[in-house]
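J.: Just so it is clear, I am handing over entry-v8.txt, which has compact mmCIF, C-alpha atoms.
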```
# COMPACT_ATOMS: atom_id res chain seq x y z
CA MET A 1 -180.05 12.06 -39.56
CA SER A 2 -179.64 9.50 -42.32
CA GLN A 3 -177.74 6.38 -41.34
CA ILE A 4 -176.20 3.86 -43.69
CA ALA A 5 -174.97 0.47 -42.64
CA PRO A 6 -171.15 0.05 -42.75
CA GLY A 7 -169.88 -0.81 -46.18
CA GLN A 8 -173.24 -0.02 -47.80
CA GLN A 9 -174.27 2.72 -50.18
CA THR A 10 -177.60 3.82 -51.46
CA LEU A 11 -178.36 3.08 -55.08
CA ASP A 12 -178.42 6.86 -55.46
CA GLN A 13 -174.82 7.14 -54.22
CA ARG A 14 -173.56 4.18 -56.27
CA SER A 15 -174.89 5.52 -59.55
CA GLN A 16 -174.93 9.26 -59.06
CA SER A 17 -171.69 10.39 -57.44
CA PRO A 18 -169.54 10.20 -60.60
CA VAL A 19 -171.79 12.44 -62.65
CA ALA A 20 -172.02 14.95 -59.81
CA ALA A 21 -168.26 15.21 -59.94
CA ASP A 22 -167.86 15.26 -63.72
CA THR A 23 -170.77 17.49 -64.73
CA SER A 24 -170.35 21.24 -64.31
CA SER A 25 -172.82 23.16 -62.19
CA THR A 26 -173.86 25.16 -65.26
CA VAL A 27 -174.75 22.01 -67.20
CA ARG A 28 -176.72 20.68 -64.22
CA ARG A 29 -178.56 23.97 -63.76
CA TRP A 30 -179.67 24.24 -67.40
CA ALA A 31 -180.63 20.57 -67.54
CA ILE A 32 -182.87 20.94 -64.48
CA ILE A 33 -184.41 24.12 -65.93
CA ALA A 34 -185.21 22.20 -69.13
CA LEU A 35 -186.80 19.39 -67.11
CA ALA A 36 -188.84 21.91 -65.10
CA LEU A 37 -190.02 23.57 -68.34
CA GLY A 38 -191.56 20.23 -69.32
CA GLY A 39 -193.28 20.12 -65.93
CA PHE A 40 -194.62 23.62 -66.59
CA GLY A 41 -196.20 22.46 -69.85
CA ILE A 42 -197.65 19.33 -68.26
CA GLY A 43 -199.09 21.28 -65.36
CA THR A 44 -200.66 23.80 -67.71
CA THR A 45 -202.40 21.22 -69.89
CA GLU A 46 -203.56 19.17 -66.89
CA PHE A 47 -205.42 22.00 -65.15
CA VAL A 48 -206.42 24.41 -67.92
CA ALA A 49 -209.24 22.17 -69.14
CA MET A 50 -211.04 22.63 -65.80
CA GLY A 51 -211.56 26.33 -66.45
CA LEU A 52 -212.56 25.88 -70.09
CA LEU A 53 -215.22 23.18 -69.77
CA PRO A 54 -218.09 25.53 -70.69
CA ASN A 55 -216.20 26.63 -73.82
CA ILE A 56 -215.41 23.03 -74.81
CA ALA A 57 -219.00 21.93 -74.20
CA GLU A 58 -220.45 24.75 -76.30
CA SER A 59 -217.97 24.25 -79.14
CA LEU A 60 -218.57 20.49 -79.42
CA GLU A 61 -222.29 20.69 -78.61
CA VAL A 62 -222.22 18.47 -75.55
CA SER A 63 -223.29 19.11 -71.96
CA GLU A 64 -220.76 20.46 -69.47
CA PRO A 65 -220.75 17.23 -67.38
CA THR A 66 -220.08 15.30 -70.59
CA ALA A 67 -217.26 17.70 -71.46
CA GLY A 68 -215.84 16.96 -68.01
CA TYR A 69 -214.82 13.53 -69.24
CA VAL A 70 -211.91 15.16 -71.08
CA ILE A 71 -210.39 15.72 -67.62
CA SER A 72 -211.05 12.11 -66.65
CA ALA A 73 -209.51 10.88 -69.93
CA TYR A 74 -206.29 12.76 -69.21
CA ALA A 75 -206.14 11.44 -65.62
CA LEU A 76 -206.75 7.89 -66.87
CA GLY A 77 -203.88 8.33 -69.33
CA VAL A 78 -201.61 9.32 -66.45
CA VAL A 79 -202.59 6.34 -64.31
CA VAL A 80 -202.22 3.85 -67.18
CA GLY A 81 -199.19 5.37 -68.85
CA ALA A 82 -196.92 5.80 -65.82
CA PRO A 83 -196.31 2.11 -64.99
CA LEU A 84 -196.68 0.86 -68.56
CA ILE A 85 -194.15 3.24 -70.11
CA ALA A 86 -191.73 2.97 -67.19
CA ALA A 87 -191.60 -0.82 -67.48
CA LEU A 88 -191.51 -1.08 -71.29
CA THR A 89 -188.77 1.56 -71.71
CA ALA A 90 -186.51 0.28 -68.93
CA ARG A 91 -183.61 -0.42 -71.31
CA MET A 92 -183.83 2.95 -73.09
CA SER A 93 -181.33 5.74 -72.48
CA ARG A 94 -182.81 8.17 -69.96
CA ARG A 95 -181.94 11.11 -72.24
CA THR A 96 -183.64 9.53 -75.24
CA LEU A 97 -186.63 8.53 -73.15
CA LEU A 98 -187.21 12.04 -71.80
CA ILE A 99 -187.11 13.53 -75.30
CA ALA A 100 -189.46 10.81 -76.59
CA LEU A 101 -191.89 11.37 -73.73
CA MET A 102 -192.02 15.11 -74.31
CA THR A 103 -192.50 14.47 -78.04
CA ALA A 104 -195.46 12.18 -77.30
CA PHE A 105 -196.88 14.78 -74.92
CA THR A 106 -196.61 17.48 -77.60
CA VAL A 107 -198.24 15.26 -80.21
CA GLY A 108 -201.11 14.50 -77.82
CA ASN A 109 -201.73 18.20 -77.26
CA LEU A 110 -201.50 18.92 -80.99
CA ALA A 111 -204.15 16.25 -81.51
CA THR A 112 -206.23 18.04 -78.86
CA VAL A 113 -205.99 21.28 -80.83
CA LEU A 114 -207.01 19.56 -84.07
CA ALA A 115 -209.66 17.15 -82.72
CA PRO A 116 -212.78 17.66 -84.88
CA SER A 117 -215.19 15.78 -82.58
CA TYR A 118 -215.85 15.02 -78.94
CA GLY A 119 -214.84 11.36 -79.32
CA LEU A 120 -211.49 12.20 -80.89
CA LEU A 121 -210.90 14.86 -78.24
CA ILE A 122 -211.31 12.19 -75.54
CA VAL A 123 -208.73 10.02 -77.32
CA ALA A 124 -206.35 12.97 -77.71
CA ARG A 125 -206.55 13.84 -74.00
CA PHE A 126 -205.89 10.21 -73.06
CA VAL A 127 -202.82 10.16 -75.31
CA ALA A 128 -201.59 13.49 -73.90
CA GLY A 129 -201.83 12.05 -70.37
CA LEU A 130 -199.88 8.86 -71.09
CA PRO A 131 -196.36 10.40 -70.80
CA HIS A 132 -197.20 12.53 -67.74
CA GLY A 133 -196.21 10.18 -64.92
CA ALA A 134 -193.27 8.59 -66.73
CA TYR A 135 -191.87 12.03 -67.62
CA PHE A 136 -191.96 13.27 -64.03
CA GLY A 137 -190.59 9.97 -62.72
CA VAL A 138 -187.64 9.86 -65.12
CA ALA A 139 -187.05 13.62 -64.78
CA ALA A 140 -186.85 13.23 -61.00
CA LEU A 141 -184.30 10.41 -61.34
CA VAL A 142 -182.21 12.41 -63.80
CA ALA A 143 -182.31 15.53 -61.61
CA ALA A 144 -181.24 13.50 -58.57
CA HIS A 145 -178.49 11.86 -60.63
CA LEU A 146 -177.14 15.21 -61.81
CA ALA A 147 -177.32 16.86 -58.38
CA GLY A 148 -175.63 14.04 -56.47
CA PRO A 149 -176.71 12.37 -53.22
CA ARG A 150 -176.43 15.45 -50.98
CA HIS A 151 -178.80 17.63 -53.01
CA ARG A 152 -181.02 15.15 -54.82
CA ALA A 153 -184.32 16.02 -53.08
CA LYS A 154 -183.72 19.71 -53.72
CA ALA A 155 -183.19 18.93 -57.41
CA VAL A 156 -186.38 16.85 -57.49
CA GLY A 157 -188.23 19.78 -55.94
CA GLN A 158 -186.83 22.11 -58.60
CA VAL A 159 -188.16 19.86 -61.37
CA MET A 160 -191.56 19.74 -59.68
CA LEU A 161 -191.43 23.53 -59.39
CA GLY A 162 -192.50 23.68 -63.04
CA LEU A 163 -195.81 22.07 -62.08
CA SER A 164 -196.34 24.60 -59.29
CA VAL A 165 -195.45 27.62 -61.44
CA ALA A 166 -197.95 26.38 -64.01
CA ASN A 167 -200.74 26.90 -61.49
CA VAL A 168 -199.68 30.52 -60.92
CA LEU A 169 -198.75 31.56 -64.47
CA GLY A 170 -199.43 28.90 -67.09
CA VAL A 171 -203.01 27.99 -66.24
CA PRO A 172 -204.30 31.58 -65.85
CA ALA A 173 -202.56 32.66 -69.08
CA ALA A 174 -203.79 29.66 -71.06
CA THR A 175 -207.30 30.08 -69.65
CA TRP A 176 -207.35 33.72 -70.75
CA LEU A 177 -206.21 32.66 -74.23
CA GLY A 178 -208.89 29.98 -74.36
CA GLU A 179 -211.65 32.35 -73.33
CA THR A 180 -210.46 35.08 -75.70
CA PHE A 181 -209.49 33.13 -78.82
CA GLY A 182 -211.26 29.81 -78.32
CA TRP A 183 -210.38 26.84 -76.12
CA ARG A 184 -208.11 25.28 -78.75
CA SER A 185 -205.69 28.21 -78.41
CA ALA A 186 -205.05 27.21 -74.79
CA PHE A 187 -203.75 23.83 -75.88
CA ALA A 188 -201.91 25.38 -78.82
CA ILE A 189 -199.73 27.31 -76.36
CA VAL A 190 -199.02 24.01 -74.59
CA VAL A 191 -197.80 22.64 -77.94
CA VAL A 192 -195.41 25.60 -78.16
CA ILE A 193 -194.17 24.89 -74.63
CA GLY A 194 -193.70 21.23 -75.57
CA LEU A 195 -191.63 22.12 -78.63
CA ALA A 196 -189.53 24.51 -76.55
CA THR A 197 -188.96 21.77 -73.97
CA ILE A 198 -187.87 19.27 -76.62
CA ALA A 199 -185.34 21.79 -77.94
CA ALA A 200 -184.13 22.56 -74.41
CA LEU A 201 -183.73 18.87 -73.53
CA VAL A 202 -181.80 18.15 -76.74
CA ARG A 203 -179.49 21.09 -76.07
CA SER A 204 -178.98 20.90 -72.30
CA LEU A 205 -179.16 17.26 -71.23
CA PRO A 206 -175.80 15.48 -71.05
CA SER A 207 -175.52 11.96 -72.43
CA LEU A 208 -176.45 10.36 -69.05
CA SER A 209 -174.58 7.28 -70.26
CA ASP A 210 -173.52 6.53 -66.69
CA MET A 211 -177.10 6.23 -65.48
CA ARG A 212 -178.12 2.68 -64.81
CA VAL A 213 -180.70 1.14 -67.14
CA THR A 214 -182.62 -1.98 -66.18
CA ASN A 215 -185.17 -4.24 -67.86
CA PRO A 216 -188.95 -4.63 -67.67
CA MET A 217 -188.85 -7.51 -65.17
CA THR A 218 -186.55 -5.61 -62.83
CA GLU A 219 -188.78 -2.55 -62.95
CA LEU A 220 -191.90 -4.63 -62.32
CA GLY A 221 -190.12 -5.94 -59.24
CA ALA A 222 -191.03 -2.63 -57.57
CA LEU A 223 -194.58 -3.94 -57.33
CA CYS A 224 -193.35 -6.73 -55.04
CA ARG A 225 -191.87 -4.33 -52.48
CA ALA A 226 -194.12 -3.51 -49.56
CA GLN A 227 -192.39 -0.17 -48.91
CA VAL A 228 -193.21 1.02 -52.44
CA TRP A 229 -196.90 0.34 -51.84
CA PHE A 230 -196.78 2.00 -48.42
CA THR A 231 -195.23 5.13 -49.92
CA LEU A 232 -197.80 5.26 -52.71
CA ALA A 233 -200.56 4.84 -50.13
CA ILE A 234 -199.21 7.79 -48.16
CA GLY A 235 -199.51 9.89 -51.30
CA VAL A 236 -203.03 8.71 -52.14
CA VAL A 237 -204.40 9.17 -48.63
CA GLY A 238 -202.41 12.22 -47.54
CA PHE A 239 -202.99 14.17 -50.75
CA GLY A 240 -206.61 13.11 -51.01
CA GLY A 241 -207.46 15.65 -48.31
CA MET A 242 -205.72 18.49 -50.10
CA PHE A 243 -207.61 17.72 -53.32
CA ALA A 244 -210.91 17.51 -51.43
CA PHE A 245 -210.19 21.01 -50.15
CA TYR A 246 -208.97 22.40 -53.50
CA SER A 247 -211.74 20.90 -55.64
CA TYR A 248 -214.41 22.90 -53.81
CA LEU A 249 -212.34 25.94 -52.84
CA ASN A 250 -214.15 28.22 -55.30
CA SER A 251 -217.59 27.47 -53.90
CA THR A 252 -216.33 27.47 -50.30
CA LEU A 253 -214.89 30.96 -50.62
CA THR A 254 -217.95 32.42 -52.30
CA THR A 255 -220.64 30.78 -50.15
CA LEU A 256 -219.03 30.23 -46.74
CA THR A 257 -216.39 32.95 -46.65
CA GLY A 258 -218.44 35.47 -48.58
CA LEU A 259 -215.74 36.52 -51.04
CA SER A 260 -216.84 37.99 -54.34
CA VAL A 261 -216.28 35.90 -57.44
CA SER A 262 -213.69 38.44 -58.63
CA LEU A 263 -211.45 37.62 -55.64
CA VAL A 264 -211.43 33.85 -56.19
CA PRO A 265 -208.56 34.04 -58.74
CA LEU A 266 -206.50 35.80 -56.04
CA ALA A 267 -207.10 32.88 -53.69
CA LEU A 268 -206.16 30.38 -56.38
CA MET A 269 -203.00 32.37 -57.08
CA LEU A 270 -202.13 32.32 -53.37
CA PHE A 271 -202.56 28.55 -53.39
CA GLY A 272 -200.26 28.31 -56.43
CA ILE A 273 -197.62 30.51 -54.79
CA GLY A 274 -197.88 28.28 -51.74
CA MET A 275 -197.15 25.29 -53.96
CA ILE A 276 -193.97 26.99 -55.22
CA VAL A 277 -192.82 27.75 -51.68
CA GLY A 278 -193.69 24.22 -50.59
CA ASN A 279 -191.59 22.65 -53.35
CA VAL A 280 -188.55 24.75 -52.42
CA LEU A 281 -188.86 24.15 -48.67
CA GLY A 282 -189.81 20.50 -49.11
CA GLY A 283 -186.79 19.75 -51.28
CA ALA A 284 -184.39 21.28 -48.74
CA ALA A 285 -186.11 19.49 -45.84
CA ALA A 286 -186.06 16.11 -47.59
CA ASP A 287 -182.31 16.37 -48.18
CA ARG A 288 -181.97 16.54 -44.40
CA ASN A 289 -184.48 13.85 -43.46
CA VAL A 290 -186.98 12.25 -45.84
CA THR A 291 -189.22 10.66 -43.24
CA LEU A 292 -189.49 13.72 -41.03
CA SER A 293 -190.21 15.82 -44.11
CA ILE A 294 -193.21 13.62 -45.00
CA LEU A 295 -194.43 13.55 -41.40
CA GLY A 296 -194.02 17.31 -41.03
CA GLY A 297 -195.95 17.92 -44.25
CA LEU A 298 -198.83 15.72 -43.11
CA ILE A 299 -199.01 17.39 -39.69
CA MET A 300 -198.89 20.86 -41.22
CA THR A 301 -201.61 19.91 -43.73
CA ALA A 302 -203.88 18.56 -40.99
CA VAL A 303 -203.41 21.69 -38.87
CA ALA A 304 -203.91 24.09 -41.81
CA LEU A 305 -207.07 22.34 -43.01
CA GLY A 306 -208.43 22.20 -39.46
CA LEU A 307 -207.84 25.92 -39.00
CA PHE A 308 -209.43 26.64 -42.38
CA ALA A 309 -212.53 24.70 -41.37
CA ALA A 310 -212.72 26.66 -38.11
CA LEU A 311 -211.95 30.11 -39.54
CA ALA A 312 -213.31 29.90 -43.10
CA GLN A 313 -215.88 32.64 -42.47
CA ASN A 314 -213.08 35.15 -41.89
CA PRO A 315 -211.86 36.33 -45.34
CA TRP A 316 -208.32 37.17 -44.25
CA ALA A 317 -207.88 33.89 -42.39
CA ALA A 318 -209.31 31.94 -45.33
CA LEU A 319 -206.89 33.54 -47.79
CA ILE A 320 -203.85 33.06 -45.56
CA LEU A 321 -204.73 29.44 -44.82
CA THR A 322 -205.31 28.75 -48.52
CA PHE A 323 -201.67 29.73 -49.04
CA VAL A 324 -200.55 27.57 -46.08
CA VAL A 325 -202.38 24.49 -47.38
CA GLY A 326 -200.59 24.95 -50.72
CA VAL A 327 -197.24 25.07 -48.90
CA SER A 328 -197.84 22.13 -46.56
CA ALA A 329 -199.24 19.66 -49.07
CA THR A 330 -196.70 20.35 -51.82
CA ALA A 331 -193.77 20.22 -49.39
CA MET A 332 -194.26 16.44 -49.20
CA ILE A 333 -193.82 15.79 -52.93
CA PRO A 334 -189.98 15.87 -53.09
CA ALA A 335 -189.79 13.66 -49.99
CA LEU A 336 -192.28 11.11 -51.33
CA GLN A 337 -190.49 11.02 -54.69
CA THR A 338 -187.14 10.57 -52.95
CA ARG A 339 -188.47 7.86 -50.63
CA LEU A 340 -189.79 5.92 -53.61
CA MET A 341 -186.36 6.12 -55.25
CA ASP A 342 -184.79 4.72 -52.06
CA VAL A 343 -187.18 1.88 -51.36
CA ALA A 344 -187.44 0.70 -54.99
CA ASP A 345 -183.73 -0.25 -55.19
CA ASP A 346 -183.11 -1.26 -58.84
CA ALA A 347 -186.68 -0.49 -59.95
CA GLN A 348 -186.49 3.26 -59.46
CA THR A 349 -188.03 4.32 -62.77
CA LEU A 350 -191.32 2.49 -62.27
CA ALA A 351 -191.57 3.50 -58.62
CA ALA A 352 -190.89 7.16 -59.36
CA ALA A 353 -193.44 7.17 -62.18
CA LEU A 354 -196.06 5.49 -60.00
CA ASN A 355 -195.92 8.47 -57.64
CA HIS A 356 -197.82 10.52 -60.20
CA SER A 357 -200.37 7.78 -60.74
CA ALA A 358 -200.92 7.87 -56.98
CA LEU A 359 -201.33 11.64 -56.96
CA ASN A 360 -203.89 11.46 -59.76
CA ILE A 361 -205.80 8.81 -57.83
CA ALA A 362 -205.67 11.15 -54.83
CA ASN A 363 -207.04 13.91 -57.05
CA ALA A 364 -210.00 11.82 -58.19
CA ALA A 365 -210.67 10.32 -54.74
CA GLY A 366 -210.40 13.65 -52.94
CA ALA A 367 -212.81 15.37 -55.32
CA PHE A 368 -215.24 12.44 -55.07
CA LEU A 369 -215.18 12.22 -51.26
CA GLY A 370 -215.46 15.98 -50.96
CA GLY A 371 -218.58 15.85 -53.12
CA VAL A 372 -219.97 13.04 -50.98
CA VAL A 373 -219.72 14.98 -47.71
CA ILE A 374 -221.17 18.11 -49.31
CA GLY A 375 -223.97 16.10 -50.87
CA ALA A 376 -224.70 14.53 -47.47
CA GLY A 377 -225.61 18.00 -46.20
CA TYR A 378 -222.49 18.85 -44.19
CA GLY A 379 -221.77 22.00 -46.18
CA TYR A 380 -218.63 23.45 -47.72
CA ARG A 381 -216.68 23.29 -44.46
CA ALA A 382 -216.82 19.49 -44.64
CA PRO A 383 -214.14 18.87 -47.32
CA SER A 384 -211.54 20.60 -45.10
CA VAL A 385 -212.58 18.51 -42.09
CA LEU A 386 -212.38 15.42 -44.29
CA GLY A 387 -208.89 16.52 -45.30
CA VAL A 388 -207.80 16.61 -41.65
CA PHE A 389 -208.81 12.97 -41.18
CA LEU A 390 -207.14 11.93 -44.45
CA ALA A 391 -203.88 13.64 -43.42
CA ILE A 392 -204.01 11.82 -40.09
CA ALA A 393 -204.63 8.57 -41.99
CA GLY A 394 -201.52 9.36 -44.04
CA MET A 395 -199.53 9.61 -40.79
CA LEU A 396 -200.86 6.22 -39.73
CA VAL A 397 -199.78 4.70 -43.06
CA LEU A 398 -196.32 6.21 -42.60
CA GLY A 399 -196.14 4.68 -39.12
CA LEU A 400 -197.13 1.28 -40.50
CA ALA A 401 -194.46 1.60 -43.19
CA LEU A 402 -191.76 2.22 -40.58
CA LEU A 403 -192.98 -0.66 -38.42
CA GLN A 404 -193.05 -3.04 -41.39
CA ALA A 405 -189.51 -2.04 -42.30
CA ARG A 406 -188.35 -2.61 -38.73
CA PHE A 407 -189.97 -6.02 -38.38
CA SER A 408 -188.82 -7.21 -41.81
CA SER A 409 -185.20 -6.37 -41.01
CA GLY A 410 -185.16 -7.25 -37.33
CA ARG A 411 -183.30 -4.00 -36.58
CA GLN A 412 -183.51 -0.32 -37.44
CA PRO A 413 -185.69 -0.15 -40.56
CA THR A 414 -183.66 -0.80 -43.68
CA VAL A 415 -184.94 -1.03 -47.22
CA GLY A 416 -182.71 -1.94 -50.15
CA GLY A 417 -179.71 -1.91 -47.81
CA VAL A 418 -180.42 1.66 -46.71
CA ALA A 419 -181.35 2.53 -43.17
CA THR A 420 -184.29 4.84 -42.82
CA ASP A 421 -183.64 8.31 -41.49
CA LEU A 422 -186.05 8.15 -38.56
CA GLU A 423 -185.41 6.02 -35.51
CA MET A 424 -188.54 4.91 -33.76
```
Now, as a test, write the supplied structure out as structure tokens.

T.:
Amino acid sequence: MSQIAPGQQTLDQRSQSPVAADTSSTVRRWAIIALALGGFGIGTTEFVAMGLLPNIAESLEVSEPTAGYVISAYALGVVVGAPLIAALTARMSRRTLLIALMTAFTVGNLATVLAPSYGLLIVARFVAGLPHGAYFGVAALVAAHLAGPRHRAKAVGQVMLGLSVANVLGVPAATWLGETFGWRSAFAIVVVIGLATIAALVRSLPSLSDMRVTNPMTELGALCRAQVWFTLAIGVVGFGGMFAFYSYLNSTLTTLTGLSVSLVPLALMLFGIGMIVGNVLGGAAADRNVTLSILGGLIMTAVALGLFAALAQNPWAALILTFVVGVSATAMIPALQTRLMDVADDAQTLAAALNHSALNIANAAGAFLGGVVIGAGYGYRAPSVLGVFLAIAGMLVLGLALLQARFSSGRQPTVGGVATDLEM
């Protein structure tokens, strides 16, 4: 169980308890729904381009691999924008910042819809990606603030639920629109979601005047904390395996498992439903014990990917394990986000935003490494085996983080005055 040194409070408790007492449950509920709606829009725009690359390539008269750079441009925007925006907007009201970020996101997607050329489309996707990490980081902090210290991880999971639901509903719907009415219509619906989110944030978010604001130098101080880097590394390594698995799931199911192409959307939907379940379970687990929640997610991911590699030729086993991988990997997200908030002390905004830069790096690295092992002749079972080793590597990084915290304090690991919740 969590332990706090006598006379000490977490930053979360110092700054969040008053609002939890003064804000009605109805206000909190609608505010978190509005934040999750933004996550739904972000998740839709992030993944829908993958299914529409042939349409984009044909429309702009470029090759499909060249069209694939629109995905890379968005990911680069996420990686660059998360730390930059978090640091530069440190003094801004969290309410104002969230509305501004969603406005920038909507403008970026509107530019995507209107882009007349491939070059301008690349710029538009980069701009649309810039607010991604900062939005999720600030939204997580606001959700935790509104929910109070006892339910903060659950609230973070509820915000991230929008991203998971996007994979089940938003991406398939937007893809259908794009294939039926042209790829620009897919991003047009994202613009509508963005406008709806802006209206919902304006209407439902309280003033948040009691949330602590900092300054750029304080936020940049997160980069000097070893535990922040350890936590980001857990995300990059641990999630890299899941993305290696997911990036080649389509081909694995059709070539190794023997599923028909028509059943692949069912498998992807099962994975998306698993992500929803994982967010809910992971948020509840992290409120009990952050460290054990991360460790449990990594162990479950390693086991699920190992079983998938062993049983992939059985269609029923492959479908069930696809769902389980979605649950296990996503269950870690609320815990990682919460741990970053704890170890960053006064630099929570930058640390929370960096989590999404780390996950995008994991996305790119997992897809790349999965391609490497397939290209080396190991077949479509190899990305899952690779994922097992990456999940184990994530456990090792977590162990190193706990050891570093113990040795730096000379006692039970404490970071920012807060004892960790796992005794070694």

J.: Which residue is closest to Leu400 in chain A? Choose from A:Ala351, A:Cys224, A:Ile234, A:Ile189 and count all atoms listed in the file.

T.: A:Ile234

J.: So which one's closest to Ala362 in chain A, A:Ser247, A:Thr66, A:Thr175, A:Asn55? Using only C-alpha atoms, please.

T.: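 Nearest to Ala362 in chain A: A:Ser247.
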
J.: Report, in Å with one decimal, the straight-line distance from CA of Val127 in chain A to CA of Leu76 in chain A.

T.: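 A separation of 9.6 Å between them.
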
J.: Which distance in Å separates CA of Val327 in chain A and CA of Ala405 in chain A, to one decimal?

T.: 29.0 Å

J.: Please measure the separation of CA of Gly182 in chain A and CA of Val165 in chain A, giving the value in Å to one decimal.

T.: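 If I compute the distance from CA of Gly182 in chain A to CA of Val165 in chain A, I get 23.2 Å.
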
J.: Within 12 Å of (-192.8, 12.8, -39.3) in the file's own coordinates, which protein, DNA or RNA residues have an atom, counting all atoms listed in the file? List them as a ChimeraX atom specification.

T.: /A:285-286,289-300,332,335,391-392,394-399,401-402,421-424

J.: Quick one: of A:Gly129, A:Ser328, A:Asp210, A:Asp342, who's nearest to Thr231 in chain A, counting only C-alpha atoms?

T.: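 Looking at the shortest contact to Thr231 in chain A, the residue is A:Asp342.
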
J.: Please output range 242-253 of chain A, rebuilt to include N, CA, C and O atoms, as a short mmCIF file (atom, residue, chain, number, x, y, z; two decimals), in the coordinates of the input.

T.:
```cif
data_model
loop_
_atom_site.label_atom_id
_atom_site.label_comp_id
_atom_site.auth_asym_id
_atom_site.auth_seq_id
_atom_site.Cartn_x
_atom_site.Cartn_y
_atom_site.Cartn_z
N MET A 242 -206.02 17.22 -49.45
CA MET A 242 -205.72 18.49 -50.10
C MET A 242 -206.58 18.68 -51.34
O MET A 242 -207.10 19.78 -51.59
N PHE A 243 -206.78 17.61 -52.12
CA PHE A 243 -207.61 17.72 -53.32
C PHE A 243 -209.09 17.87 -52.98
O PHE A 243 -209.83 18.52 -53.72
N ALA A 244 -209.53 17.28 -51.87
CA ALA A 244 -210.91 17.51 -51.43
C ALA A 244 -211.11 18.98 -51.12
O ALA A 244 -212.14 19.58 -51.48
N PHE A 245 -210.15 19.58 -50.46
CA PHE A 245 -210.19 21.01 -50.15
C PHE A 245 -210.14 21.86 -51.42
O PHE A 245 -210.97 22.76 -51.62
N TYR A 246 -209.19 21.56 -52.32
CA TYR A 246 -208.97 22.40 -53.50
C TYR A 246 -210.11 22.29 -54.51
O TYR A 246 -210.47 23.28 -55.15
N SER A 247 -210.69 21.11 -54.63
CA SER A 247 -211.74 20.90 -55.64
C SER A 247 -212.95 21.79 -55.40
O SER A 247 -213.63 22.18 -56.35
N TYR A 248 -213.22 22.11 -54.13
CA TYR A 248 -214.41 22.90 -53.81
C TYR A 248 -214.05 24.26 -53.20
O TYR A 248 -214.89 24.91 -52.56
N LEU A 249 -212.81 24.68 -53.42
CA LEU A 249 -212.34 25.94 -52.84
C LEU A 249 -213.14 27.13 -53.38
O LEU A 249 -213.50 28.05 -52.64
N ASN A 250 -213.41 27.12 -54.69
CA ASN A 250 -214.15 28.22 -55.30
C ASN A 250 -215.49 28.44 -54.61
O ASN A 250 -215.81 29.54 -54.15
N SER A 251 -216.27 27.37 -54.52
CA SER A 251 -217.59 27.47 -53.90
C SER A 251 -217.50 27.77 -52.41
O SER A 251 -218.34 28.50 -51.86
N THR A 252 -216.50 27.21 -51.74
CA THR A 252 -216.33 27.47 -50.30
C THR A 252 -216.09 28.95 -50.03
O THR A 252 -216.69 29.54 -49.12
N LEU A 253 -215.23 29.55 -50.83
CA LEU A 253 -214.89 30.96 -50.62
C LEU A 253 -216.05 31.89 -50.93
O LEU A 253 -216.21 32.93 -50.29
#
```
